[in-house]
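Q: Next up is a structure, given as C-alpha cells.
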Protein chains: 2
Amino acid sequence: MIVGFIGLGIMGRPMAKNLINAGYKLVVYDKYARVDDLTALGAEGAASCKETAARSDVLITMLPNSPHVKEAILGPGGVIEGIRPGSTVIDMSSIAPAVSQEVALALKARGVNFLDAPVSGGEPKAVDATLAIMVGGEQGVFDSARPILEKMGSSVVLVGDVGAGNVTKLANQVIVALNIAAVSEAFTLAVKAGVKPQAVFDAIKGGLAGSTVMNAKVPMILDGNFKPGFRIELHIKDLQNALDTAHALGVPLPLTAGVMEILQALKVDGEAASDHGAIVRHYEKLSKTEVRKARP
Amino acid sequence: MIVGFIGLGIMGRPMAKNLINAGYKLVVYDKYARVDDLTALGAEGAASCKETAARSDVLITMLPNSPHVKEAILGPGGVIEGIRPGSTVIDMSSIAPAVSQEVALALKARGVNFLDAPVSGGEPKAVDATLAIMVGGEQGVFDSARPILEKMGSSVVLVGDVGAGNVTKLANQVIVALNIAAVSEAFTLAVKAGVKPQAVFDAIKGGLAGSTVMNAKVPMILDGNFKPGFRIELHIKDLQNALDTAHALGVPLPLTAGVMEILQALKVDGEAASDHGAIVRHYEKLSKTEVRKARP
C-alpha cells in the first residue's frame, strides 16, 4: 500500500510523518515546500500532483482552500491525470462542500473513489495524531480508508455522503466563532462593570454557559496570549465557506455574518495571524477596556 | 432567626419551601399569589412588604425584574419602611446591576445590609435546592447569609461588590443566548445541506465546539421539544438588562443585540412562553427547514 501525500504545510507535514511512523510507504509532493525531512524518514519525493497520484494506491491532499484542491486534483498536471481506476483520493483540506462534490464527481467518472475528510484540532493534534476527522463518502470507501485515517486522528467519524465532512466542519467553525464572541461580549461587559473576570469564570463555567471554548480561551484572554492555535485568517476562510454554502442552500446566518465582520475588522487591525481568541480584542477596542488588566 | 420571603412564584415558592424544610421560621408575602401551601408547612403570612420586613431578621426577595424590586423594597409600604437596622436584605431576583446598587445605597442609609444574589438553574434546580447562586456584596454580610443561601443552592459564590451578582448573571445569559443561536445556525445549515444532525452532534460535541448548551439543547431541538425550561420572554428581559447595562457603561454588544432581535421575532411569532431552545425555530422559518425532521 503506497500513500501519496500532497500539501506538506503546518498540518500536512506532521500528518505525513505519522503515516511514515506507522509504517506506510509514502510518496510526497508540495508545490512550494521542501520535503527533505520526509525523504530522510523514508518517503519518496515526486515532481507533480500527476506523478504523485500515478505512484499511489491512496492519495491524500491537505491544502489551504477550495481553489487549491481543484487545481491540484482537476487542474493541468493534476491528480486526475495520473491516478489509476480503483484508487481512492482523500481530501483532508477544509473547503467548500460543493467543491468536494464537484471533485468527487469528476473522479468517479474515472472510476476513482473520493472522501472529504477535514480535520479539527490544529497543529498540536496533527503532531500527536489526535485530530478529529469528519468524513463524507460511501461506507465501503470509508471502511477501506479508516486504518490510514486512524494513524492521524483519535476520532474518525463517517458523517454522511461526499461533502458531509466539510458541512460538519463548517458547522463546527460557526459554533466556535460565535462561542468565542459570546465569551468576549460577556467578559468585556463584566470587566467594565468592575467584576473580576476570574470570579465570573469560576461562577458560570459549571452551568449552562459552560463550554470548551470558555475553558480554552478565557485563560488565554486573561493572559493576553493570542499565539495561535487557530489563526483569524483561517477562521475567515471557514466562515466565508460557511456563508457561501448557506446562501447557496437558502439558509440566512445573521450572527455568523456578524462575527465574520468582527474577524474582518481584526484583520484590518493587523490581527490576521493571531489566535481567534483575539476576537476579545475587538470588544476591548470598542469599549476602551483591557480584559486581562482586570485579573486578580 | 426569622427569614422573610417576598415573591412566591415559580422560583420563589420552592426556594421558600426548602428554607422551611431546613428548619427556618418563615414569614411570607406575595402581592398576587396565595400562600396556603406555605402556611400549611408552618410559615406565617404577612399582609405587606413592610410587615414582612418588620417581622424578619433576614429578608429575601424573588421578583420578576428591576421595577418590582424597587417597588417592593423602596416603594410606599415597602421593605424599607419596616426593616430594622442591622438586618440583611438578599435580593435573589435577576435584575439590572445598577438597581441592585441603588437599593443597596438606600438600605445602607438605614443601617441595613444588602446582597444581590441572582440564581441560575431554573425551576427544577429551585425545587432540588441545587441552584447556582452568584452573590454581590461585602464579605462579612456574605459570610452571615451563606448558611441560608446554601439551603437553596449547591453553588454559592461571592463574585464581588453589590451588583456583581447580577453582572455575572447577565454575562451568563449573554453567553447562553449566543451559544443557543450558534448551535441553531450550525445545525440548520447542516440539515439543509443534507447531513443528519445526530451525526454532526456526535462528530463535534467532543471538540472545541462542545458546550453545555449543545448537550442540553440539541436533543430538545431534535425532539421538537420546547417546553420550558427557561422562557424566551425571560431571556428577553435579561438581554434588555444586559444591553442597558452595557450601553450605560460604554460597551457595545453587537451580537447580543442580534440575538435579542431574534428573540423579539420569536415573541411576535407567539413563542414568548417557549423554551429558549426555540431560537432554532427562527432559523427553521428563515430557511424553510425543519431540523427535527432530519433525525435519526
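Ordering of the C-alpha cells sets the chain letters (A, B, ...); residue numbers start at 1 within each chain; ligands are numbered from 1 in the order shown.
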Taking only residues of chain B that have an atom at most 6 Å from an atom of chain A, what is each one's shortest atom pair and its distance in Å to one decimal, using only C-alpha atoms, in chain and number order, as a Markdown table?

A:
```
| residue | atom | partner | partner_atom | distance |
| --- | --- | --- | --- | --- |
| B:Val159 | CA | A:Ala199 | CA | 5.3 |
| B:Ala164 | CA | A:Val195 | CA | 5.9 |
| B:Val167 | CA | A:Ala190 | CA | 5.9 |
| B:Thr168 | CA | A:Val200 | CA | 5.7 |
| B:Ala171 | CA | A:Ala186 | CA | 4.4 |
| B:Asn172 | CA | A:Ala209 | CA | 5.7 |
| B:Ile175 | CA | A:Ala182 | CA | 4.9 |
| B:Val176 | CA | A:Ala209 | CA | 5.0 |
| B:Leu178 | CA | A:Ala182 | CA | 5.8 |
| B:Asn179 | CA | A:Asn179 | CA | 5.7 |
| B:Ala182 | CA | A:Ile175 | CA | 4.9 |
| B:Ala186 | CA | A:Ala171 | CA | 4.4 |
| B:Leu189 | CA | A:Ala246 | CA | 6.0 |
| B:Ala190 | CA | A:Val167 | CA | 5.9 |
| B:Val195 | CA | A:Ala164 | CA | 5.9 |
| B:Ala199 | CA | A:Val159 | CA | 5.2 |
| B:Val200 | CA | A:Thr168 | CA | 5.7 |
| B:Leu208 | CA | A:Thr212 | CA | 5.4 |
| B:Ala209 | CA | A:Val176 | CA | 5.0 |
| B:Gly210 | CA | A:Thr212 | CA | 5.5 |
| B:Ser211 | CA | A:Ser211 | CA | 3.9 |
| B:Thr212 | CA | A:Leu208 | CA | 5.4 |
| B:Val213 | CA | A:Leu208 | CA | 5.8 |
| B:Ala246 | CA | A:Leu189 | CA | 6.0 |
| B:Gly250 | CA | A:Ser287 | CA | 5.8 |
| B:Val251 | CA | A:Ser287 | CA | 4.8 |
| B:Ser287 | CA | A:Val251 | CA | 4.8 |
```

Q: For the residues selected in the previous step, produce a file with N, CA and C atoms as an mmCIF file, in the first residue's frame.

A:
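File part_38.cif, as written:
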```cif
data_model
loop_
_atom_site.group_PDB
_atom_site.id
_atom_site.type_symbol
_atom_site.label_atom_id
_atom_site.label_comp_id
_atom_site.auth_asym_id
_atom_site.auth_seq_id
_atom_site.Cartn_x
_atom_site.Cartn_y
_atom_site.Cartn_z
ATOM 1 N N VAL B 159 -18.946 36.979 44.108
ATOM 2 C CA VAL B 159 -18.218 37.373 42.896
ATOM 3 C C VAL B 159 -17.702 38.809 42.943
ATOM 4 N N ALA B 164 -22.402 42.889 41.514
ATOM 5 C CA ALA B 164 -21.565 41.911 40.795
ATOM 6 C C ALA B 164 -22.315 40.599 40.554
ATOM 7 N N VAL B 167 -24.311 41.337 37.469
ATOM 8 C CA VAL B 167 -23.403 41.447 36.310
ATOM 9 C C VAL B 167 -23.017 40.041 35.834
ATOM 10 N N THR B 168 -22.694 39.177 36.784
ATOM 11 C CA THR B 168 -22.298 37.808 36.442
ATOM 12 C C THR B 168 -23.466 37.056 35.797
ATOM 13 N N ALA B 171 -23.763 38.261 32.250
ATOM 14 C CA ALA B 171 -22.704 37.649 31.434
ATOM 15 C C ALA B 171 -23.109 36.219 31.073
ATOM 16 N N ASN B 172 -23.622 35.495 32.052
ATOM 17 C CA ASN B 172 -24.096 34.125 31.830
ATOM 18 C C ASN B 172 -25.177 34.089 30.748
ATOM 19 N N ILE B 175 -23.973 34.706 27.162
ATOM 20 C CA ILE B 175 -23.306 33.529 26.597
ATOM 21 C C ILE B 175 -24.323 32.450 26.229
ATOM 22 N N VAL B 176 -25.277 32.201 27.113
ATOM 23 C CA VAL B 176 -26.264 31.142 26.838
ATOM 24 C C VAL B 176 -27.060 31.459 25.569
ATOM 25 N N LEU B 178 -26.280 33.392 23.010
ATOM 26 C CA LEU B 178 -25.451 33.315 21.796
ATOM 27 C C LEU B 178 -25.048 31.875 21.494
ATOM 28 N N ASN B 179 -24.800 31.072 22.538
ATOM 29 C CA ASN B 179 -24.441 29.675 22.274
ATOM 30 C C ASN B 179 -25.625 28.899 21.687
ATOM 31 N N ALA B 182 -25.773 29.963 18.108
ATOM 32 C CA ALA B 182 -24.659 29.344 17.374
ATOM 33 C C ALA B 182 -25.022 27.923 16.947
ATOM 34 N N ALA B 186 -25.659 26.576 13.056
ATOM 35 C CA ALA B 186 -24.839 25.465 12.556
ATOM 36 C C ALA B 186 -25.704 24.265 12.159
ATOM 37 N N LEU B 189 -27.877 24.916 9.017
ATOM 38 C CA LEU B 189 -27.021 24.794 7.829
ATOM 39 C C LEU B 189 -26.760 23.325 7.491
ATOM 40 N N ALA B 190 -26.373 22.553 8.499
ATOM 41 C CA ALA B 190 -26.027 21.151 8.249
ATOM 42 C C ALA B 190 -27.229 20.374 7.713
ATOM 43 N N VAL B 195 -27.080 16.794 5.819
ATOM 44 C CA VAL B 195 -26.343 15.976 6.786
ATOM 45 C C VAL B 195 -27.229 15.748 8.017
ATOM 46 N N ALA B 199 -25.472 12.992 13.456
ATOM 47 C CA ALA B 199 -24.092 12.716 13.040
ATOM 48 C C ALA B 199 -23.199 13.919 13.311
ATOM 49 N N VAL B 200 -23.724 15.118 13.032
ATOM 50 C CA VAL B 200 -22.958 16.346 13.312
ATOM 51 C C VAL B 200 -22.692 16.449 14.812
ATOM 52 N N LEU B 208 -13.710 21.534 20.112
ATOM 53 C CA LEU B 208 -13.753 22.917 20.585
ATOM 54 C C LEU B 208 -15.156 23.513 20.508
ATOM 55 N N ALA B 209 -16.015 22.942 19.655
ATOM 56 C CA ALA B 209 -17.397 23.448 19.537
ATOM 57 C C ALA B 209 -18.301 22.947 20.662
ATOM 58 N N GLY B 210 -17.806 22.025 21.475
ATOM 59 C CA GLY B 210 -18.636 21.431 22.520
ATOM 60 C C GLY B 210 -19.057 22.435 23.576
ATOM 61 N N SER B 211 -20.269 22.272 24.100
ATOM 62 C CA SER B 211 -20.765 23.185 25.139
ATOM 63 C C SER B 211 -21.897 22.528 25.904
ATOM 64 N N THR B 212 -22.144 23.058 27.088
ATOM 65 C CA THR B 212 -23.279 22.578 27.868
ATOM 66 C C THR B 212 -24.580 22.871 27.135
ATOM 67 N N VAL B 213 -24.645 24.031 26.462
ATOM 68 C CA VAL B 213 -25.822 24.351 25.653
ATOM 69 C C VAL B 213 -26.035 23.297 24.569
ATOM 70 N N ALA B 246 -24.716 47.462 29.555
ATOM 71 C CA ALA B 246 -23.542 47.608 28.696
ATOM 72 C C ALA B 246 -23.480 49.011 28.081
ATOM 73 N N GLY B 250 -20.688 51.900 28.392
ATOM 74 C CA GLY B 250 -19.869 52.098 27.199
ATOM 75 C C GLY B 250 -19.283 50.803 26.667
ATOM 76 N N VAL B 251 -20.131 49.786 26.552
ATOM 77 C CA VAL B 251 -19.696 48.502 25.990
ATOM 78 C C VAL B 251 -20.684 48.101 24.884
ATOM 79 N N SER B 287 -35.219 29.667 6.832
ATOM 80 C CA SER B 287 -34.650 28.807 5.775
ATOM 81 C C SER B 287 -35.656 27.767 5.288
#
```

Q: Quick check, in Å to one decimal: how far apart do CA of Ala273 in chain B and CA of Phe230 in chain B lie?

A: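 We find that CA of Ala273 in chain B and CA of Phe230 in chain B lie 8.5 Å from each other.
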
Q: Determine the nearest neighbour of Met62 in chain A from the options A:Ile10, A:Ala47, A:Val280, A:Val103, counting only C-alpha atoms.

A: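 Under the stated criterion, the closest residue is A:Ile10.
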
Q: List every residue of range 54-160 of chain A that DSSP, applied to the backbone, labels as alpha helix (DSSP H), and write the result as number ranges by chain.

A: A: 54, 66-74, 79-82, 97-108, 122-128, 139-149

Q: Within 9 Å of Asp128 in chain A, counting only C-alpha atoms, which residues show up once you throw out same-chain ones fewer than 6 positions away? Write them as a count of residues only, please.

A: 5

Q: If you measure from CA of Pro147 in chain A to CA of Gly229 in chain A, what distance in Å do you get, rounded to one decimal?

A: 27.3 Å

Q: Take CA of Gly137 in chain A and CA of Ile90 in chain A and report the distance between them in Å, one decimal.

A: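 Separation of CA of Gly137 in chain A and CA of Ile90 in chain A: 9.7 Å.
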
Q: With only C-alpha atoms as the counted atoms, please give the residues lying no more than 9 Å from Val141 in chain B, apart from itself and same-chain residues fewer than 3 positions off, as a list in words.

A: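 Once the nearby chain positions are removed, what remains is Thr88, Asn113, Phe114, Leu115, Gly137, Glu138, Ser144, Ala145 and Arg146 of chain B.
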